[in-house]
$ cat entry.txt   # compact mmCIF, C-alpha atoms
# COMPACT_ATOMS: atom_id res chain seq x y z
CA MET A 1 43.32 -20.59 168.48
CA ASN A 2 45.76 -22.71 170.42
CA THR A 3 47.42 -25.33 168.29
CA PRO A 4 50.07 -27.76 169.47
CA PRO A 5 53.20 -28.17 167.37
CA GLN A 6 52.84 -30.68 164.58
CA SER A 7 55.22 -32.90 162.75
CA PRO A 8 55.69 -32.34 159.02
CA SER A 9 53.67 -35.50 158.33
CA GLU A 10 50.64 -33.94 160.04
CA GLN A 11 50.87 -30.94 157.78
CA PHE A 12 52.11 -32.54 154.57
CA LEU A 13 52.56 -36.02 153.17
CA THR A 14 54.36 -38.77 155.02
CA LEU A 15 57.12 -40.59 153.19
CA GLU A 16 54.77 -43.55 152.74
CA GLU A 17 52.02 -41.38 151.29
CA SER A 18 54.49 -39.68 148.96
CA ALA A 19 55.81 -43.05 147.80
CA LYS A 20 52.25 -44.22 147.07
CA VAL A 21 51.61 -41.11 144.97
CA ASP A 22 54.91 -41.61 143.14
CA ALA A 23 53.97 -45.23 142.37
CA ALA A 24 50.54 -44.28 141.05
CA LEU A 25 49.95 -44.34 137.31
CA LEU A 26 49.46 -40.60 137.10
CA SER A 27 50.97 -37.77 135.09
CA SER A 28 53.17 -35.24 136.88
CA PRO A 29 50.35 -32.66 137.10
CA GLU A 30 48.00 -35.35 138.47
CA LYS A 31 50.59 -36.37 141.08
CA PHE A 32 50.97 -32.74 142.15
CA LEU A 33 47.21 -32.34 142.50
CA THR A 34 46.99 -35.63 144.42
CA ARG A 35 49.66 -34.47 146.89
CA LEU A 36 47.93 -31.12 147.28
CA THR A 37 44.58 -32.81 147.86
CA ILE A 38 45.93 -35.19 150.51
CA SER A 39 47.65 -32.31 152.32
CA SER A 40 44.48 -30.23 152.08
CA LEU A 41 42.42 -33.05 153.55
CA LYS A 42 44.76 -33.22 156.54
CA LEU A 43 44.46 -29.48 157.04
CA LEU A 44 40.67 -29.56 156.72
CA LYS A 45 40.52 -32.32 159.34
CA HIS A 46 42.62 -30.15 161.66
CA ILE A 47 40.39 -27.11 161.09
CA ALA A 48 37.25 -29.19 161.62
CA ASP A 49 38.68 -30.51 164.90
CA GLU A 50 39.33 -26.95 166.08
CA TYR A 51 35.72 -25.98 165.29
CA ASN A 52 34.45 -29.28 166.70
CA VAL A 53 32.56 -30.10 163.51
CA ALA A 54 32.76 -32.78 160.85
CA VAL A 55 34.85 -31.89 157.80
CA GLU A 56 31.77 -31.95 155.59
CA ASP A 57 30.11 -29.41 157.90
CA LEU A 58 32.90 -26.84 157.63
CA THR A 59 31.80 -23.63 155.99
CA THR A 60 33.79 -21.47 153.63
CA GLN A 61 33.76 -18.72 156.27
CA GLN A 62 35.18 -21.04 158.94
CA VAL A 63 38.07 -21.97 156.65
CA ILE A 64 38.73 -18.30 155.85
CA ASP A 65 38.51 -17.36 159.54
CA TRP A 66 40.93 -20.14 160.46
CA PHE A 67 43.51 -18.96 157.88
CA GLU A 68 43.12 -15.36 159.05
CA GLU A 69 43.70 -16.38 162.66
CA ASP A 70 46.67 -18.59 161.82
CA GLY A 71 48.18 -15.72 159.80
CA LYS A 72 47.61 -13.32 162.70
CA ILE A 73 49.36 -15.72 165.08
CA ARG A 74 52.28 -16.03 162.64
CA ARG A 75 52.62 -12.22 162.36
CA GLU A 76 52.22 -11.50 166.07
CA GLN A 77 53.92 -14.49 167.70
CA GLY A 78 56.20 -15.87 165.00
CA ILE A 79 56.14 -18.80 162.65
CA GLU A 80 56.66 -21.40 165.37
CA ALA A 81 53.43 -20.36 167.12
CA ALA A 82 51.33 -20.77 163.97
CA TYR A 83 50.01 -24.09 162.74
CA LEU A 84 51.20 -23.65 159.16
CA LYS A 85 54.97 -23.25 158.96
CA TRP A 86 55.52 -21.23 155.80
$ encode --input "entry.txt" --output "structure tokens"
Amino acid sequence: MNTPPQSPSEQFLTLEESAKVDAALLSSPEKFLTRLTISSLKLLKHIADEYNVAVEDLTTQQVIDWFEEDGKIRREQGIEAAYLKW
């Protein structure tokens, strides 16, 4: 897996997206879940691009494999080489 560096907005919410969630008429738990879902969608789009498939065609195994590979890259090459920076 060879992933280019990404900006925080590619991995998480942009300031505009965050402001839209904040402005929504949602409870705090609903806002948290909304932020998580938007971030997850971005990550799923990235994973689908790497597998050259549509998001809806991703399999559970592909998602697991992607996380395993990204974790391996993080352990072997350092956090900056991995896609997820955590």
$ atom_distance --input "entry.txt" --atom1 "CA of Ala81 (chain A)" --atom2 "CA of Asp57 (chain A)"
26.7 Å
$ atom_distance --input "entry.txt" --atom1 "CA of Thr37 (chain A)" --atom2 "CA of Val55 (chain A)"
13.9 Å
$ closest_residue --input "entry.txt" --among "A:Glu30, A:Asp22, A:Glu76, A:Asp49" --to "Gln62 (chain A)" --atoms "all atoms listed in the file"
A:Asp49
$ atom_distance --input "entry.txt" --atom1 "CA of Glu56 (chain A)" --atom2 "CA of Thr14 (chain A)"
23.6 Å
$ closest_residue --input "entry.txt" --among "A:Arg35, A:His46, A:Lys85, A:Lys20" --to "Trp66 (chain A)" --atoms "only C-alpha atoms"
A:His46
$ residues_around --input "entry.txt" --residues "Ser40 (chain A)" --least-positions-apart "4" --cutoff "9 Å" --atoms "all atoms listed in the file" --output "NGL selection string"
:A and (11-12 or 35-36 or 44-45)
$ closest_residue --input "entry.txt" --among "A:Ala54, A:Leu15, A:Leu84, A:Ala24" --to "Phe67 (chain A)" --atoms "all atoms listed in the file"
A:Leu84
$ residues_near_point --input "entry.txt" --point "(39.1, -22.7, 157.9)" --cutoff "10 Å" --atoms "all atoms listed in the file" --output "PyMOL selection string"
chain A and resi 43-48+50-51+58-70
